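A.B. asks: Can you keep this structure in mind? I'll have questions shortly.
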Amino acid sequence: MNATPQTDRRLPSRTMYEGRGRAAARAYLHGTGFSPEDLRKPIIGVSHAWIETMPCNLNHRDLAQQVKRGVRSAGGTPMELNTIAISDGVTMGTEGMKASLVSRELIADSIELVARGHMFDALVCIVACDKTVPAAAMALARLDRPGLVLYSGTILPGRFRGRDVTMGEVFEAIGSVAAGLLAEEDLAEMELVACPGAGACGGQFTANTMSMVMEVIGLSPVGFNSIPAVGTAKMDAAERAGATIMSVLDNDLRPSQILTRPAFENAVAAVAASGGSTNAVLHLLALAREVGVGLTLEDIDRISRRTPLLCDLLPGGRFAAADLHAAGGIGLLTQRLIKGGYVDGSAMTVTGRTLGEEVAEVSETPGQEVVVALDHPLRPEGGLVILKGNLAPEGSVVKITAHTLTSHAGPARVFDREEDAYDAVIGGQIKPGDVVVIRYEGPRGGPGMREMLSVTGAILGEGLGGSVALITDGRFSGATNGFMVGHLAPEAAVGGPIAGLRDGDVIRLDVATRTVEAPEVDFAERLRDWAPPEPRYATGVFAKYRTLVGSASTGATTGP
């Protein structure tokens with residue numbers, strides 16, 4: 001590492017375990033199996049989100065043991081802690097999905113709280129399903145203690161009748177069955193094989209997008225995250241992560257030294273070049289707020305405009321995340337982006353080496369087709385596009401791939417909740433040319449800003465992907481494909497323009513001009529007597545979140 005060692009500083013854990021006055025604290029720890037010698041060493045928190053509600057996090061306990069082995073071998077004492085996770089995929093299309101984005105705040109708070117309460121000197125955060133990744137980064141940013149993020153890995157693709165499948169295709173197949181394009185027994189067969197084991201969703205969906213962000217932004221060691229969840233290589237990476245954190249601690253390398261403006265711009269470029277999830281916009285804005293970097297939607301659009309689309313990854317492309325690893329990993333794309341001048345290779349990483357140094361020796365697998373050459377991009381611009389207009393004065397987000405529509409105009413079909421829109425799609429009520437509008441699903445209106453994969457998947461499954469657009473103040477799964485515009489802000493629940501739309505209003509969407517508008521509507525007049533609907537939850541976590549959460553245009557955060 002290149003950082004200067006800070007061996008004379010006082011570690012936070014010394015306050016907890018050093019001196020006669022701390023005998024009672026030490027006694028408690030002796031009762032849990034820690035020796036006096038253990039408590040004289042640096043204390044390293046090892047957080048994970050093991051839970052039995054999804055395959056994404058199933059390997060966390062095993063990975064934690066390997067991280068702890070690495071910590072001990074390098075002279076530290078690990079202390080394991082766990083937090084929660086919500087599966088976006090399992091809860092999709094239900095009231096339970098409202099818990100997903102809320103969980104980001106709770107996970108970040110819980111890691112931060114335990115680390116402050118027990119005065120860990122450093123942390124390794126094992127992450128997987130979508131919100132655990134940004135949440136861990138947000139916690140490390142708040143704490144500003146030495147720390148790193150280890151992604152527990154992508155799931156391998158399932159095999160359906162001789163071809164690879166991921167969960168995005170299952171959601172689309174539901175719509176295909178409703179349209180009579182696929183048999184019920186075909187869907188039942190696909191359901192049984194789509195998830196072959198542990199790991200997070202297999203395309204460049206939100207989890208794998210944020211895994212890429214963590215490597216490129218510098219909080220994860222290069223080469224660790226793209227390793228699939230199953231196999232010994234991931235276990236080896238976990239042990240190395242445990243050893244690495246001790247070097248990070250020895251050199252007192254803090255997140256504040258890594259999470260700089262160039263690092264955030266690098267991360268945006270990687271998302272844009274990989275065709276990554278629109279959820280990265282929310283999470284990067286939220287993380288930037290934690291460290292005082294003034295990242296905006298305009299910055300994201302600017303960076304995406306100048307960054308070519310280089311990855312042929314699902315959902316808009318052909319390959320799964322495991323294929324990216326086989327091609328050369330996240331480091332291969334990073335290497336390409338540095339060479340093209342789209343990423344700043346001088347940015348610091350958690351190893352103490354620059355990003356350029358970390359990827360210098362990355363090898364490209366001969367004949368790979370996942371990451372294309374700089375001079376033959378899939379699109380000249382990246383996948384993240386920010387639209388504004390009289391429907392979204394603060395902005396909205398759409399993901400554009402090599403096959404997505406880039407303009408559309410049509411009549412609005414307005415729904416005040418996701419379930420109603422889904423029923424209309426499955427019931428054959430949505431016609432070519434329509435613009436489906438789903439409102440009151442924003443951060444405050446949901447509350448919780450549900451993803452709309454059930455609806456978008458049904459639209460594609462019905463064969464309407466090339467003729468129907470969708471706009472919402474909610475958000476989308478990284479598995480979403482098609483011309484789907486989310487994060488409209490201000491949202492309907494605070495009187496945003498989308499609250500004034502009516503069935504039949506003509507909506508125009510255009511990527512070239514970056515506009516989302518209903519040109520013939522006077523929203524000031526429409527909303528003159530508007531009043532917010534009664535909150536669906538009057539007490540509990542959703543009510544608390546609704547009171548605190550801010551706009552999607554600034555990351556939907558709950559902090560001061």
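Each chain in the structure tokens gets a letter, A, B and so on, in the order shown; residues start at 1 in every chain, and ligands are counted from 1 in the order they appear.
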Fewer than 4 positions away in the same chain doesn't count, so skip those; otherwise give me all residues within 8 Å of Lys234 in chain A, counting only C-alpha atoms, as number ranges by chain.

C.D. replies: A: 63, 152-153, 224, 227-230, 238

A.B. asks: Could you write out the selected residues, including C-alpha atoms, as an mmCIF file, in the first residue's frame?

C.D. replies:
data_model
loop_
_atom_site.group_PDB
_atom_site.id
_atom_site.type_symbol
_atom_site.label_atom_id
_atom_site.label_comp_id
_atom_site.auth_asym_id
_atom_site.auth_seq_id
_atom_site.Cartn_x
_atom_site.Cartn_y
_atom_site.Cartn_z
ATOM 1 C CA LEU A 63 -17.895 -16.049 3.628
ATOM 2 C CA SER A 152 -20.808 -12.203 -2.143
ATOM 3 C CA GLY A 153 -21.310 -12.910 -5.820
ATOM 4 C CA PHE A 224 -12.981 -9.749 -5.792
ATOM 5 C CA ILE A 227 -16.299 -13.860 -8.792
ATOM 6 C CA PRO A 228 -19.570 -15.862 -8.774
ATOM 7 C CA ALA A 229 -21.079 -16.861 -5.443
ATOM 8 C CA VAL A 230 -20.425 -20.581 -5.756
ATOM 9 C CA ALA A 238 -13.121 -13.576 1.340
#

A.B. asks: Considering only C-alpha atoms, return as a PyMOL selection string whatever protein or nucleic-acid residues lie within 8 Å of Pro308 in chain A, sequence-local ones (same chain, fewer than 3 positions apart) excluded.

C.D. replies: chain A and resi 272-273+304-305+374+377-382

A.B. asks: How would the residues just picked look written out with N, CA and C atoms as an mmCIF file, in the first residue's frame?

C.D. replies:
data_model
loop_
_atom_site.group_PDB
_atom_site.id
_atom_site.type_symbol
_atom_site.label_atom_id
_atom_site.label_comp_id
_atom_site.auth_asym_id
_atom_site.auth_seq_id
_atom_site.Cartn_x
_atom_site.Cartn_y
_atom_site.Cartn_z
ATOM 1 N N ALA A 272 -22.831 3.478 -16.749
ATOM 2 C CA ALA A 272 -23.282 3.856 -18.085
ATOM 3 C C ALA A 272 -22.722 2.915 -19.141
ATOM 4 N N ALA A 273 -21.443 2.566 -19.035
ATOM 5 C CA ALA A 273 -20.783 1.723 -20.034
ATOM 6 C C ALA A 273 -21.243 0.279 -19.981
ATOM 7 N N SER A 304 -22.797 10.082 -18.691
ATOM 8 C CA SER A 304 -23.327 9.023 -19.531
ATOM 9 C C SER A 304 -23.290 9.414 -21.014
ATOM 10 N N ARG A 305 -23.541 10.675 -21.323
ATOM 11 C CA ARG A 305 -23.514 11.142 -22.716
ATOM 12 C C ARG A 305 -22.137 10.938 -23.349
ATOM 13 N N LEU A 374 -13.224 -0.448 -27.740
ATOM 14 C CA LEU A 374 -13.536 0.972 -27.646
ATOM 15 C C LEU A 374 -13.971 1.560 -28.983
ATOM 16 N N PRO A 377 -18.272 0.510 -30.100
ATOM 17 C CA PRO A 377 -19.237 0.474 -28.989
ATOM 18 C C PRO A 377 -20.613 0.018 -29.460
ATOM 19 N N LEU A 378 -21.395 -0.496 -28.504
ATOM 20 C CA LEU A 378 -22.772 -0.890 -28.817
ATOM 21 C C LEU A 378 -23.659 0.331 -29.038
ATOM 22 N N ARG A 379 -23.374 1.394 -28.338
ATOM 23 C CA ARG A 379 -23.993 2.701 -28.547
ATOM 24 C C ARG A 379 -22.939 3.750 -28.265
ATOM 25 N N PRO A 380 -23.001 4.903 -28.926
ATOM 26 C CA PRO A 380 -21.993 5.939 -28.646
ATOM 27 C C PRO A 380 -22.157 6.579 -27.277
ATOM 28 N N GLU A 381 -23.359 6.455 -26.687
ATOM 29 C CA GLU A 381 -23.621 7.000 -25.361
ATOM 30 C C GLU A 381 -23.928 5.879 -24.393
ATOM 31 N N GLY A 382 -23.736 6.165 -23.110
ATOM 32 C CA GLY A 382 -24.020 5.181 -22.084
ATOM 33 C C GLY A 382 -25.501 4.988 -21.849
#

A.B. asks: Using only C-alpha atoms, pick whichever of A:Leu101, A:Ala552, A:Ala25, A:Ile174 has the shortest atom-to-atom distance to Ile459 in chain A.

C.D. replies: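 Using only C-alpha atoms, Ile459 in chain A sits closest to A:Ile174.
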
A.B. asks: What separation in Å, quoted to one decimal, exists between CA of Ile507 in chain A and CA of Arg526 in chain A?

C.D. replies: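 About the pair CA of Ile507 in chain A and CA of Arg526 in chain A: they are 15.6 Å apart.
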
A.B. asks: Would you mind listing, for every residue of range 369-436 of chain A within 12 Å of range 187-209 of chain A, the two atoms forming the shortest contact and the distance between them in Å to one decimal, using only C-alpha atoms, sorted by chain and ascending residue number, as JSON lines?

C.D. replies:
{"residue": "A:Val370", "atom": "CA", "partner": "A:Gln204", "partner_atom": "CA", "distance": 11.6}
{"residue": "A:Gly383", "atom": "CA", "partner": "A:Gln204", "partner_atom": "CA", "distance": 11.7}
{"residue": "A:Lys399", "atom": "CA", "partner": "A:Phe205", "partner_atom": "CA", "distance": 11.4}
{"residue": "A:Thr401", "atom": "CA", "partner": "A:Gln204", "partner_atom": "CA", "distance": 11.9}

A.B. asks: Nearest to Phe483 in chain A among A:Ala108, A:Ile498, A:Ile84, A:Leu470, with distances taken over only C-alpha atoms: which residue is it?

C.D. replies: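 Looking at the shortest contact to Phe483 in chain A, the residue is A:Leu470.
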